[in-house]
>>> print(open('start.txt').read())   # compact mmCIF, C-alpha atoms
# COMPACT_ATOMS: atom_id res chain seq x y z
CA MET A 18 44.40 114.05 126.68
CA ALA A 19 46.38 115.75 129.32
CA GLU A 20 43.69 116.05 131.91
CA ILE A 21 44.58 116.16 135.53
CA GLU A 22 42.81 113.56 137.53
CA GLY A 23 41.79 113.99 141.09
CA GLY A 24 43.22 117.43 141.29
CA GLY A 25 40.86 119.59 143.27
CA GLY A 26 40.65 123.31 142.89
CA GLY A 27 37.63 125.42 142.04
CA HIS A 28 35.07 122.72 142.28
CA HIS A 29 33.95 123.15 145.84
CA LYS A 30 30.26 123.31 146.52
CA LYS A 31 28.93 126.70 147.15
CA GLY A 32 29.28 127.63 150.71
CA GLY A 33 30.26 124.14 151.66
CA LYS A 34 33.29 123.68 153.77
CA PRO A 35 36.19 122.37 151.77
CA HIS A 36 36.52 119.25 153.80
CA GLY A 37 39.39 116.89 153.12
CA LYS A 38 38.46 115.31 149.84
CA LYS A 39 40.28 112.10 149.14
CA LEU A 40 42.79 112.86 146.42
CA SER A 41 43.41 110.20 143.83
CA THR A 42 46.95 108.93 143.80
CA ARG A 43 46.88 108.42 140.07
CA VAL A 44 49.18 110.64 138.13
CA ASP A 45 48.80 111.28 134.46
CA PHE A 46 51.78 109.85 132.69
CA THR A 47 51.08 111.24 129.25
CA PRO A 48 53.61 114.10 129.34
CA MET A 49 56.21 111.71 130.66
CA VAL A 50 55.57 109.30 127.80
CA ASP A 51 55.79 112.21 125.39
CA LEU A 52 59.14 113.18 126.79
CA GLY A 53 60.31 109.57 126.76
CA PHE A 54 59.48 109.09 123.13
CA LEU A 55 60.98 112.42 122.19
CA LEU A 56 64.28 111.36 123.73
CA ILE A 57 64.05 107.93 122.12
CA THR A 58 63.61 109.55 118.74
CA PHE A 59 66.61 111.75 119.36
CA PHE A 60 68.86 108.88 120.39
CA MET A 61 67.62 106.65 117.61
CA LEU A 62 68.51 109.25 115.04
CA THR A 63 71.93 110.00 116.49
CA THR A 64 72.95 106.39 116.96
CA SER A 65 74.87 104.86 114.14
CA MET A 66 74.32 101.17 114.57
CA ASN A 67 76.41 99.86 111.75
CA LYS A 68 80.07 100.13 112.44
CA PRO A 69 82.32 101.04 109.56
CA LYS A 70 83.82 98.07 107.78
CA THR A 71 87.40 97.70 106.76
CA MET A 72 89.34 96.10 104.05
CA GLU A 73 92.70 94.76 105.01
CA ILE A 74 95.64 95.40 102.75
CA ASN A 75 99.01 93.77 102.99
CA MET A 76 101.75 95.46 101.10
CA PRO A 77 105.05 93.72 100.49
CA VAL A 78 107.99 94.81 102.58
CA LYS A 79 109.63 97.51 100.59
CA LYS A 80 113.04 96.02 100.01
CA ASP A 81 111.53 92.77 98.77
CA ILE A 82 109.60 94.31 95.93
CA ASN A 83 110.70 92.78 92.72
CA ILE A 84 107.58 92.85 90.69
CA GLU A 85 109.50 92.85 87.45
CA GLU A 86 110.72 89.38 88.22
CA ILE A 87 107.29 88.14 89.17
CA THR A 88 105.66 89.44 86.05
CA LYS A 89 108.40 88.02 83.89
CA VAL A 90 108.27 84.60 85.37
CA LYS A 91 104.53 84.33 85.42
CA ALA A 92 103.81 86.28 82.29
CA SER A 93 101.21 83.82 81.13
CA GLN A 94 99.30 84.09 84.39
CA ALA A 95 99.46 87.81 84.89
CA ILE A 96 97.03 90.48 83.97
CA THR A 97 97.88 94.13 84.40
CA LEU A 98 95.08 96.49 85.28
CA LEU A 99 95.68 100.17 84.76
CA LEU A 100 93.19 102.34 86.59
CA ALA A 101 92.59 105.37 84.44
CA GLU A 102 90.49 108.48 84.83
CA ASN A 103 86.69 108.57 84.62
CA ASP A 104 86.34 105.12 86.20
CA LYS A 105 87.90 103.32 83.28
CA ILE A 106 90.21 100.35 83.43
CA VAL A 107 92.74 99.52 80.77
CA TYR A 108 94.00 95.98 80.99
CA TYR A 109 96.48 93.99 79.02
CA TYR A 110 98.13 90.60 79.07
CA ILE A 111 101.71 89.86 78.36
CA ASN A 112 102.33 87.66 75.41
CA GLU A 113 103.94 84.44 76.52
CA LYS A 114 106.24 84.10 73.53
CA THR A 115 107.41 87.63 72.85
CA GLY A 116 107.15 88.99 76.39
CA GLU A 117 105.60 92.10 74.93
CA PRO A 118 102.30 93.52 76.12
CA GLU A 119 99.34 92.64 73.97
CA THR A 120 96.82 95.17 72.75
CA PRO A 121 95.26 96.92 75.73
CA VAL A 122 91.52 96.72 76.23
CA ILE A 123 89.37 99.38 77.88
CA THR A 124 86.72 98.26 80.29
CA ASN A 125 84.88 99.57 83.34
CA PHE A 126 83.89 98.59 86.87
CA SER A 127 80.54 97.13 85.94
CA LYS A 128 79.54 93.51 86.42
CA SER A 129 80.01 92.66 82.78
CA GLY A 130 83.23 94.67 82.66
CA ILE A 131 86.29 93.78 84.64
CA ARG A 132 84.60 91.13 86.76
CA GLU A 133 83.66 89.07 83.75
CA THR A 134 87.21 89.34 82.44
CA LEU A 135 88.80 88.33 85.71
CA LEU A 136 86.46 85.43 86.35
CA SER A 137 86.70 83.95 82.89
CA ARG A 138 90.46 84.35 82.71
CA ASN A 139 90.92 82.78 86.11
CA LYS A 140 88.67 79.89 85.14
CA GLU A 141 90.57 79.40 81.92
CA LEU A 142 93.91 79.26 83.72
CA LEU A 143 92.69 76.89 86.40
CA ASP A 144 90.95 74.65 83.90
CA ARG A 145 94.13 74.42 81.93
CA ALA A 146 96.02 73.38 85.06
CA ASN A 147 93.21 71.00 85.96
CA HIS A 148 92.47 72.69 89.26
CA ASN A 149 88.77 72.92 88.89
CA ASN A 150 87.85 73.66 92.47
CA TYR A 151 88.08 77.40 91.92
CA ASP A 152 84.35 77.92 92.37
CA SER A 153 84.02 75.98 95.60
CA ILE A 154 84.61 78.91 97.96
CA PRO A 155 80.91 79.70 98.39
CA ILE A 156 80.26 76.00 98.86
CA LEU A 157 82.86 75.82 101.62
CA LYS A 158 81.33 78.86 103.30
CA GLU A 159 77.90 77.27 103.10
CA MET A 160 79.26 74.02 104.55
CA PHE A 161 80.74 75.95 107.45
CA ARG A 162 77.43 77.71 107.97
CA LEU A 163 75.67 74.37 108.17
CA ASN A 164 78.30 73.14 110.65
CA GLN A 165 79.55 70.47 108.30
CA ILE A 166 83.17 71.53 108.50
CA PRO A 167 85.04 73.34 111.29
CA LYS A 168 86.06 76.94 110.80
CA GLN A 169 89.77 76.18 110.54
CA GLU A 170 89.16 73.71 107.76
CA MET A 171 87.14 76.26 105.85
CA ILE A 172 89.87 78.87 106.24
CA ASP A 173 92.57 76.43 105.19
CA ARG A 174 90.70 75.21 102.15
CA ILE A 175 89.79 78.70 101.01
CA PHE A 176 93.40 79.71 101.47
CA ALA A 177 94.52 76.75 99.39
CA ILE A 178 92.20 77.76 96.57
CA LYS A 179 93.22 81.39 96.71
CA SER A 180 96.92 80.66 96.72
CA ASN A 181 96.70 78.14 93.93
CA PRO A 182 99.97 78.40 92.00
CA SER A 183 98.30 78.41 88.62
CA ALA A 184 95.68 81.01 89.44
CA LEU A 185 95.54 84.45 87.96
CA ILE A 186 97.96 87.06 89.25
CA VAL A 187 96.71 90.61 89.09
CA VAL A 188 99.00 93.60 88.94
CA ILE A 189 97.15 96.79 89.82
CA LYS A 190 98.59 100.06 88.69
CA ALA A 191 96.73 103.27 89.28
CA ASP A 192 97.20 106.31 87.14
CA ASP A 193 97.58 109.69 88.81
CA LYS A 194 94.17 110.70 87.57
CA ALA A 195 92.47 107.75 89.22
CA LYS A 196 90.40 108.24 92.33
CA TYR A 197 90.67 106.47 95.66
CA LYS A 198 87.29 104.92 94.95
CA ASN A 199 88.73 103.11 91.93
CA LEU A 200 91.40 101.52 94.08
CA VAL A 201 88.88 100.32 96.64
CA ASP A 202 86.59 99.09 93.88
CA ILE A 203 89.30 97.05 92.23
CA LEU A 204 90.37 95.55 95.55
CA ASP A 205 86.74 94.71 96.04
CA GLU A 206 86.74 92.88 92.74
CA MET A 207 89.71 90.86 93.96
CA LEU A 208 87.57 89.81 96.90
CA ILE A 209 84.54 89.07 94.77
CA CYS A 210 86.47 87.12 92.16
CA ASN A 211 88.40 85.21 94.84
CA ILE A 212 91.77 86.30 93.61
CA GLY A 213 94.34 85.71 96.29
CA ARG A 214 97.41 87.07 94.60
CA TYR A 215 97.47 90.67 93.57
CA ALA A 216 99.80 93.59 94.02
CA ILE A 217 99.45 97.34 93.92
CA VAL A 218 102.39 98.66 91.96
CA ASP A 219 103.46 102.11 90.85
CA ILE A 220 102.62 102.95 87.28
CA THR A 221 105.41 103.43 84.77
CA PRO A 222 105.56 106.25 82.22
CA ILE A 223 105.26 103.68 79.41
CA GLU A 224 101.96 102.52 80.83
CA GLN A 225 100.72 106.06 81.20
CA GLU A 226 101.36 106.44 77.48
CA LEU A 227 99.57 103.18 76.91
CA ILE A 228 96.46 104.54 78.63
CA LYS A 229 96.62 107.66 76.51
CA THR A 230 96.89 105.80 73.24
CA ALA A 231 94.21 103.31 74.24
CA MET A 232 91.89 106.13 75.17
CA ALA A 233 92.64 107.95 71.95
CA VAL A 234 91.72 104.94 69.86
CA LYS A 235 88.45 104.27 71.63
CA PRO A 236 87.38 106.99 74.03
CA MET B 8 10.94 98.14 129.18
CA PRO B 9 13.60 100.12 130.90
CA LYS B 10 16.29 101.54 128.74
CA VAL B 11 19.58 99.74 128.96
CA LYS B 12 22.02 102.25 130.18
CA ILE B 13 25.48 101.93 128.84
CA PRO B 14 27.82 103.07 131.55
CA ARG B 15 30.09 105.82 130.35
CA LYS B 16 33.61 104.57 130.43
CA SER B 17 36.56 106.75 131.18
CA THR B 18 38.67 107.50 128.15
CA SER B 19 41.90 107.81 130.07
CA VAL B 20 44.27 104.92 129.56
CA ASP B 21 46.79 103.71 132.02
CA MET B 22 50.04 105.09 130.77
CA THR B 23 52.33 103.27 133.17
CA ALA B 24 53.08 100.36 130.90
CA MET B 25 53.78 102.64 127.98
CA THR B 26 56.12 104.73 130.11
CA ASP B 27 57.94 101.60 131.12
CA VAL B 28 58.50 100.60 127.52
CA ALA B 29 59.45 104.09 126.48
CA PHE B 30 62.05 104.43 129.16
CA LEU B 31 63.39 100.97 128.61
CA LEU B 32 64.02 101.81 124.98
CA LEU B 33 65.40 105.16 125.96
CA THR B 34 67.89 103.56 128.32
CA PHE B 35 68.94 101.13 125.61
CA PHE B 36 69.55 103.81 123.03
CA MET B 37 71.33 106.03 125.50
CA LEU B 38 73.74 103.27 126.38
CA ALA B 39 74.18 102.13 122.80
CA THR B 40 74.94 105.57 121.48
CA GLN B 41 78.47 106.64 121.10
CA PHE B 42 78.68 110.16 119.96
CA LYS B 43 80.74 110.71 116.93
CA PRO B 44 83.60 113.07 117.60
CA GLU B 45 83.35 116.16 115.55
CA GLU B 46 85.41 115.76 112.42
CA PRO B 47 87.05 118.57 110.56
CA VAL B 48 85.93 117.20 107.19
CA THR B 49 83.08 115.02 106.11
CA ILE B 50 84.26 111.88 104.42
CA ASN B 51 82.18 110.01 101.94
CA ALA B 52 83.82 106.63 102.18
CA PRO B 53 83.65 104.27 99.21
CA SER B 54 81.58 101.15 99.60
CA SER B 55 82.87 97.62 99.38
CA VAL B 56 81.77 94.09 100.09
CA ALA B 57 84.36 93.72 102.87
CA GLU B 58 82.66 92.65 106.07
CA VAL B 59 85.43 92.93 108.63
CA PRO B 60 84.35 95.36 111.32
CA LEU B 61 86.73 98.09 112.39
CA PRO B 62 88.46 97.27 115.69
CA ASP B 63 87.50 99.50 118.60
CA LYS B 64 90.86 100.15 120.12
CA ASP B 65 94.46 100.73 119.17
CA MET B 66 93.63 102.44 115.94
CA MET B 67 95.20 105.37 114.25
CA THR B 68 93.14 106.85 111.51
CA ILE B 69 94.58 108.72 108.57
CA THR B 70 91.85 110.66 106.84
CA ILE B 71 92.19 111.81 103.26
CA SER B 72 89.66 114.41 102.22
CA ASN B 73 88.35 114.79 98.70
CA ASP B 74 90.58 117.81 98.12
CA GLY B 75 93.68 115.87 99.12
CA ARG B 76 94.24 117.10 102.66
CA VAL B 77 95.55 114.58 105.17
CA PHE B 78 94.29 114.38 108.74
CA PHE B 79 95.56 112.26 111.58
CA GLU B 80 94.01 110.85 114.71
CA ILE B 81 94.79 108.30 117.37
CA GLN B 82 91.94 106.99 119.38
CA GLU B 83 93.35 106.46 122.85
CA GLN B 84 93.45 109.62 124.88
CA GLN B 85 96.13 108.36 127.24
CA TYR B 86 98.70 108.20 124.43
CA LYS B 87 97.94 111.59 122.97
CA ALA B 88 99.82 113.64 125.54
CA ALA B 89 103.01 111.65 125.07
CA LEU B 90 102.55 111.76 121.30
CA ILE B 91 102.33 115.54 120.98
CA LYS B 92 105.30 116.01 123.34
CA ASN B 93 107.47 113.56 121.40
CA VAL B 94 106.56 114.91 117.98
CA GLY B 95 107.08 118.44 119.26
CA LYS B 96 110.51 117.48 120.53
CA ILE B 97 111.60 116.33 117.08
CA HIS B 98 110.60 119.68 115.59
CA ASN B 99 111.84 121.71 118.57
CA ILE B 100 108.41 122.90 119.59
CA THR B 101 107.40 122.72 123.24
CA PHE B 102 103.74 122.68 124.09
CA THR B 103 102.35 124.13 127.30
CA PRO B 104 100.35 121.82 129.60
CA GLU B 105 97.14 123.57 128.48
CA GLU B 106 97.92 122.93 124.85
CA VAL B 107 98.68 119.29 125.59
CA LYS B 108 95.37 119.01 127.40
CA THR B 109 93.47 120.54 124.50
CA PHE B 110 95.22 118.16 122.16
CA THR B 111 94.19 115.10 124.16
CA LEU B 112 90.57 116.17 123.93
CA MET B 113 90.73 116.92 120.23
CA SER B 114 89.79 114.32 117.64
CA SER B 115 91.16 114.42 114.12
CA PHE B 116 93.44 117.27 113.12
CA GLY B 117 95.13 118.29 109.92
CA VAL B 118 97.59 121.11 110.27
CA PRO B 119 101.35 121.33 109.87
CA LEU B 120 103.20 121.42 113.17
CA ASN B 121 103.96 125.12 112.93
CA GLN B 122 100.23 125.84 112.87
CA LEU B 123 99.29 123.34 115.55
CA LYS B 124 99.72 125.89 118.35
CA SER B 125 97.29 128.29 116.75
CA LEU B 126 94.79 125.47 116.17
CA LEU B 127 95.04 124.52 119.84
CA ALA B 128 94.53 128.14 120.84
CA VAL B 129 91.07 128.43 119.29
CA SER B 130 88.14 127.29 121.37
CA THR B 131 86.25 124.08 120.69
CA THR B 132 83.27 125.88 119.21
CA GLU B 133 85.41 127.98 116.91
CA ARG B 134 87.55 125.07 115.77
CA SER B 135 85.36 124.06 112.87
CA LYS B 136 85.97 127.46 111.33
CA PHE B 137 89.75 127.09 111.53
CA ILE B 138 91.05 126.31 108.08
CA GLN B 139 93.09 123.14 108.33
CA THR B 140 95.48 122.73 105.47
CA GLY B 141 96.34 119.09 106.04
CA ILE B 142 99.43 117.42 107.42
CA PRO B 143 102.38 117.62 105.03
CA SER B 144 103.16 114.15 103.74
CA ASP B 145 105.43 114.78 100.78
CA SER B 146 109.07 113.84 100.67
CA LEU B 147 110.28 117.37 101.45
CA ASN B 148 108.53 117.70 104.77
CA ASN B 149 106.91 114.49 105.89
CA GLU B 150 105.36 115.29 109.22
CA LEU B 151 102.84 112.50 108.78
CA ALA B 152 105.72 110.04 109.02
CA ASP B 153 106.69 111.49 112.40
CA TRP B 154 103.16 111.22 113.73
CA ILE B 155 102.93 107.61 112.57
CA TRP B 156 106.32 106.64 113.88
CA GLN B 157 105.87 108.26 117.28
CA SER B 158 102.41 106.70 117.68
CA ARG B 159 103.92 103.32 117.04
CA LEU B 160 106.70 103.95 119.54
CA ILE B 161 104.19 104.90 122.22
CA ASN B 162 101.76 102.11 121.53
CA ASN B 163 103.23 99.22 119.59
CA LYS B 164 99.87 97.54 119.11
CA VAL B 165 98.47 100.39 117.09
CA ARG B 166 96.98 99.58 113.71
CA VAL B 167 96.55 101.91 110.83
CA ALA B 168 93.29 102.67 109.12
CA ILE B 169 93.04 104.83 106.05
CA LYS B 170 89.76 106.62 105.70
CA GLY B 171 89.68 108.17 102.30
CA ASP B 172 86.98 110.04 100.51
CA GLN B 173 85.93 108.25 97.38
CA ASP B 174 86.87 111.23 95.26
CA ALA B 175 90.32 111.65 96.76
CA ASN B 176 92.95 111.66 94.09
CA PHE B 177 95.16 108.63 93.88
CA PRO B 178 98.54 110.45 94.13
CA VAL B 179 97.71 111.56 97.68
CA VAL B 180 96.71 108.04 98.62
CA LYS B 181 99.89 106.76 97.04
CA GLN B 182 101.91 109.24 99.06
CA VAL B 183 100.28 108.15 102.30
CA ILE B 184 100.82 104.48 101.48
CA ALA B 185 104.43 105.19 100.59
CA THR B 186 104.87 106.99 103.92
CA LEU B 187 103.40 104.01 105.74
CA GLN B 188 105.65 101.60 103.90
CA ASP B 189 108.58 103.80 104.65
CA LYS B 190 107.77 103.41 108.33
CA ASN B 191 107.44 99.64 107.89
CA VAL B 192 103.68 99.61 108.17
CA ASN B 193 102.84 97.08 105.52
CA ARG B 194 99.50 96.01 106.82
CA PHE B 195 96.71 98.49 107.08
CA ASN B 196 92.99 98.85 106.64
CA PHE B 197 90.85 100.86 104.30
CA ILE B 198 87.68 102.06 105.97
CA THR B 199 84.70 101.43 103.73
CA ASN B 200 80.95 101.38 103.94
CA LEU B 201 79.19 98.11 103.49
CA SER B 202 77.82 97.90 100.00
CA THR B 203 74.49 96.33 99.32
CA GLU B 204 75.90 94.26 96.55
CA THR B 205 76.47 90.66 97.55
CA VAL B 206 79.40 88.50 96.66
CA GLU B 207 78.54 86.59 93.59
CA ASN B 208 78.61 82.86 93.84
CA LYS B 209 80.06 82.33 90.50
>>> encode(input="start.txt", output="structure tokens")
Amino acid sequence: MAEIEGGGGGHHKKGGKPHGKKLSTRVDFTPMVDLGFLLITFFMLTTSMNKPKTMEINMPVKKDINIEEITKVKASQAITLLLAENDKIVYYYINEKTGEPETPVITNFSKSGIRETLLSRNKELLDRANHNNYDSIPILKEMFRLNQIPKQEMIDRIFAIKSNPSALIVVIKADDKAKYKNLVDILDEMLICNIGRYAIVDITPIEQELIKTAMAVKP
Amino acid sequence: MPKVKIPRKSTSVDMTAMTDVAFLLLTFFMLATQFKPEEPVTINAPSSVAEVPLPDKDMMTITISNDGRVFFEIQEQQYKAALIKNVGKIHNITFTPEEVKTFTLMSSFGVPLNQLKSLLAVSTTERSKFIQTGIPSDSLNNELADWIWQSRLINNKVRVAIKGDQDANFPVVKQVIATLQDKNVNRFNFITNLSTETVENK
């Protein structure tokens, strides 16, 4: 493969005068190509093409936090998710009449777990309030993709759906044994289930007990 | 009948075109590559469906390792010198010009201020062996708050990104978030990997 073309040397005729043989101007490029591809391979492997993605979080301004009030007022709409250890979620509703928490339920991060709960509960609440456009977010996105509506309109309409006053309100409380992954996962579920109103709140000792008892009943 | 002679063809191929392509690709990859700065810990970020790309500039990154250590980094080199001087001033530590220079070239770091001088003293190659204990972020000695606050004073456009390992314990994350909120940073980003799962159209 790597032969040298036109290069003289050692091929003169016996006794003949080495008279100016015309040298070919062609150079063999094979080693150069080898080197080129070697470097390409190196750069291809070191390049990370996909940039890291981010998830934006807005926390309330500290002095304005009054979650107690929110949960009291909107008890019927709220769901409290307690992130427990071993990727488990304990959730409970607050009874509208008594104001007491109902029996907690243990679930997980799977598709049929918390997502199912959030979606069906949200649907139930919105159906009851007769806002049945909750599932039109993907449709709006598709319409924007097909250039049927301008971007601003899509953003506005999605915002209107997400901030629907009768939609589900999620209160997220992470236990000390929870992992960072659980927090990101649950925020991801908020995105997937199109829940616009949620808050990350510190867990109370009562709720820590609640996790313990719930886990003890059904591990 | 005379034999039909098949002329022997040369097996060598003209490589010029191939070289052209190879070097074109090489140039592309060389220009597209941005070398990752060496990080003191490897972070296995959790994946999410979020699709917002991380902004290139004006970022400060707070890294939380899986064993709960906190690291800090600002991206822009031009702000780093002022940052280390200002934070040093608060804690009555003066840094020599050499130390400041080393700091501007350093990426993420995670040591308390009293150990920062010894971290800056070790050479670049030895740095990975230096045991970094993490920046204190508890209520007793919250140096992370100083770093955040001073970065914001130097560059008011700076945004905060939290890059946590997926196995980091929640209390550390909570502490960092509380520190941020304490410094009136109520809007920040979690750095995640793109998950393959798609948003369900349900």
>>> closest_residue(input="start.txt", among="A:Leu163, A:Ala216, A:Met76, A:Met232", to="chain B", atoms="only C-alpha atoms")
A:Met76
>>> residues_around(input="start.txt", residues="segment 156-169 of chain B", least_positions_apart="5", cutoff="9 Å", atoms="only C-alpha atoms", output="ChimeraX atom specification")
/A:71,73 /B:61,64-71,81,86-87,89-91,93-94,151,180,183,187,190,192,194-198
>>> interface_residues(input="start.txt", of="chain A", to="chain B", cutoff="9 Å", atoms="only C-alpha atoms", output="mmCIF file with C-alpha atoms, in the frame of the given file")
data_model
loop_
_atom_site.group_PDB
_atom_site.id
_atom_site.type_symbol
_atom_site.label_atom_id
_atom_site.label_comp_id
_atom_site.auth_asym_id
_atom_site.auth_seq_id
_atom_site.Cartn_x
_atom_site.Cartn_y
_atom_site.Cartn_z
ATOM 1 C CA MET A 18 44.400 114.050 126.680
ATOM 2 C CA GLU A 20 43.690 116.050 131.910
ATOM 3 C CA ASP A 45 48.800 111.280 134.460
ATOM 4 C CA PHE A 46 51.780 109.850 132.690
ATOM 5 C CA THR A 47 51.080 111.240 129.250
ATOM 6 C CA MET A 49 56.210 111.710 130.660
ATOM 7 C CA VAL A 50 55.570 109.300 127.800
ATOM 8 C CA ASP A 51 55.790 112.210 125.390
ATOM 9 C CA GLY A 53 60.310 109.570 126.760
ATOM 10 C CA PHE A 54 59.480 109.090 123.130
ATOM 11 C CA LEU A 56 64.280 111.360 123.730
ATOM 12 C CA ILE A 57 64.050 107.930 122.120
ATOM 13 C CA THR A 58 63.610 109.550 118.740
ATOM 14 C CA PHE A 60 68.860 108.880 120.390
ATOM 15 C CA MET A 61 67.620 106.650 117.610
ATOM 16 C CA THR A 63 71.930 110.000 116.490
ATOM 17 C CA THR A 64 72.950 106.390 116.960
ATOM 18 C CA SER A 65 74.870 104.860 114.140
ATOM 19 C CA MET A 66 74.320 101.170 114.570
ATOM 20 C CA ASN A 67 76.410 99.860 111.750
ATOM 21 C CA LYS A 68 80.070 100.130 112.440
ATOM 22 C CA PRO A 69 82.320 101.040 109.560
ATOM 23 C CA LYS A 70 83.820 98.070 107.780
ATOM 24 C CA THR A 71 87.400 97.700 106.760
ATOM 25 C CA MET A 72 89.340 96.100 104.050
ATOM 26 C CA GLU A 73 92.700 94.760 105.010
ATOM 27 C CA ILE A 74 95.640 95.400 102.750
ATOM 28 C CA ASN A 75 99.010 93.770 102.990
ATOM 29 C CA MET A 76 101.750 95.460 101.100
ATOM 30 C CA PRO A 77 105.050 93.720 100.490
ATOM 31 C CA VAL A 78 107.990 94.810 102.580
ATOM 32 C CA LYS A 79 109.630 97.510 100.590
ATOM 33 C CA LEU A 136 86.460 85.430 86.350
ATOM 34 C CA ASP A 152 84.350 77.920 92.370
ATOM 35 C CA SER A 153 84.020 75.980 95.600
ATOM 36 C CA ILE A 154 84.610 78.910 97.960
ATOM 37 C CA PRO A 155 80.910 79.700 98.390
ATOM 38 C CA ILE A 156 80.260 76.000 98.860
ATOM 39 C CA ALA A 191 96.730 103.270 89.280
ATOM 40 C CA ASP A 192 97.200 106.310 87.140
ATOM 41 C CA ASP A 193 97.580 109.690 88.810
ATOM 42 C CA LYS A 194 94.170 110.700 87.570
ATOM 43 C CA ALA A 195 92.470 107.750 89.220
ATOM 44 C CA LYS A 196 90.400 108.240 92.330
ATOM 45 C CA TYR A 197 90.670 106.470 95.660
ATOM 46 C CA LYS A 198 87.290 104.920 94.950
ATOM 47 C CA ASN A 199 88.730 103.110 91.930
ATOM 48 C CA LEU A 200 91.400 101.520 94.080
ATOM 49 C CA VAL A 201 88.880 100.320 96.640
ATOM 50 C CA ASP A 202 86.590 99.090 93.880
ATOM 51 C CA LEU A 204 90.370 95.550 95.550
ATOM 52 C CA ASP A 205 86.740 94.710 96.040
ATOM 53 C CA GLU A 206 86.740 92.880 92.740
ATOM 54 C CA LEU A 208 87.570 89.810 96.900
ATOM 55 C CA ILE A 209 84.540 89.070 94.770
ATOM 56 C CA CYS A 210 86.470 87.120 92.160
ATOM 57 C CA ASP A 219 103.460 102.110 90.850
#
>>> atom_distance(input="start.txt", atom1="atom CA of Tyr215 of chain A", atom2="atom CA of Val187 of chain A")
4.5 Å
>>> atom_distance(input="start.txt", atom1="atom CA of Ile178 of chain A", atom2="atom CA of Pro121 of chain A")
28.5 Å
>>> atom_distance(input="start.txt", atom1="atom CA of Ile203 of chain A", atom2="atom CA of Phe126 of chain A")
7.8 Å
>>> residues_around(input="start.txt", residues="Ala88 of chain B", least_positions_apart="2", cutoff="10 Å", atoms="all atoms listed in the file", output="list in words")
Gln84, Gln85, Tyr86, Leu90, Ile91, Lys92, Asn93, Phe102, Pro104, Glu106, Val107, Lys108, Thr109, Phe110, Thr111 and Leu112 of chain B
>>> axis_aligned_box(input="start.txt", around="segment 92-108 of chain B", padding_each_side="8 Å", output="lines of an AutoDock Vina configuration file")
center_x = 103.6
center_y = 118.8
center_z = 122.6
size_x = 32.5
size_y = 26.6
size_z = 30.0
>>> build_atoms(input="start.txt", residues="segment 167-179 of chain A", atoms="N, CA and C atoms", output="PDB file, in the frame of the given file")
ATOM      1  N   PRO A 167      84.627  72.327 110.322  1.00  0.00           N
ATOM      2  CA  PRO A 167      85.040  73.340 111.290  1.00  0.00           C
ATOM      3  C   PRO A 167      85.588  74.576 110.599  1.00  0.00           C
ATOM      4  N   LYS A 168      85.659  75.655 111.369  1.00  0.00           N
ATOM      5  CA  LYS A 168      86.060  76.940 110.800  1.00  0.00           C
ATOM      6  C   LYS A 168      87.472  76.878 110.230  1.00  0.00           C
ATOM      7  N   GLN A 169      88.373  76.218 110.982  1.00  0.00           N
ATOM      8  CA  GLN A 169      89.770  76.180 110.540  1.00  0.00           C
ATOM      9  C   GLN A 169      89.884  75.483 109.186  1.00  0.00           C
ATOM     10  N   GLU A 170      89.101  74.436 109.028  1.00  0.00           N
ATOM     11  CA  GLU A 170      89.160  73.710 107.760  1.00  0.00           C
ATOM     12  C   GLU A 170      88.704  74.599 106.616  1.00  0.00           C
ATOM     13  N   MET A 171      87.632  75.353 106.883  1.00  0.00           N
ATOM     14  CA  MET A 171      87.140  76.260 105.850  1.00  0.00           C
ATOM     15  C   MET A 171      88.223  77.268 105.476  1.00  0.00           C
ATOM     16  N   ILE A 172      88.848  77.863 106.502  1.00  0.00           N
ATOM     17  CA  ILE A 172      89.870  78.870 106.240  1.00  0.00           C
ATOM     18  C   ILE A 172      91.014  78.265 105.442  1.00  0.00           C
ATOM     19  N   ASP A 173      91.451  77.081 105.869  1.00  0.00           N
ATOM     20  CA  ASP A 173      92.570  76.430 105.190  1.00  0.00           C
ATOM     21  C   ASP A 173      92.250  76.121 103.737  1.00  0.00           C
ATOM     22  N   ARG A 174      91.038  75.604 103.522  1.00  0.00           N
ATOM     23  CA  ARG A 174      90.700  75.210 102.150  1.00  0.00           C
ATOM     24  C   ARG A 174      90.505  76.415 101.245  1.00  0.00           C
ATOM     25  N   ILE A 175      89.932  77.484 101.808  1.00  0.00           N
ATOM     26  CA  ILE A 175      89.790  78.700 101.010  1.00  0.00           C
ATOM     27  C   ILE A 175      91.173  79.262 100.687  1.00  0.00           C
ATOM     28  N   PHE A 176      92.043  79.209 101.684  1.00  0.00           N
ATOM     29  CA  PHE A 176      93.400  79.710 101.470  1.00  0.00           C
ATOM     30  C   PHE A 176      94.096  78.919 100.371  1.00  0.00           C
ATOM     31  N   ALA A 177      93.887  77.601 100.401  1.00  0.00           N
ATOM     32  CA  ALA A 177      94.520  76.750  99.390  1.00  0.00           C
ATOM     33  C   ALA A 177      94.028  77.110  97.991  1.00  0.00           C
ATOM     34  N   ILE A 178      92.745  77.405  97.885  1.00  0.00           N
ATOM     35  CA  ILE A 178      92.200  77.760  96.570  1.00  0.00           C
ATOM     36  C   ILE A 178      92.762  79.104  96.117  1.00  0.00           C
ATOM     37  N   LYS A 179      92.782  80.042  97.080  1.00  0.00           N
ATOM     38  CA  LYS A 179      93.220  81.390  96.710  1.00  0.00           C
ATOM     39  C   LYS A 179      94.700  81.434  96.348  1.00  0.00           C
TER      40      LYS A 179
END
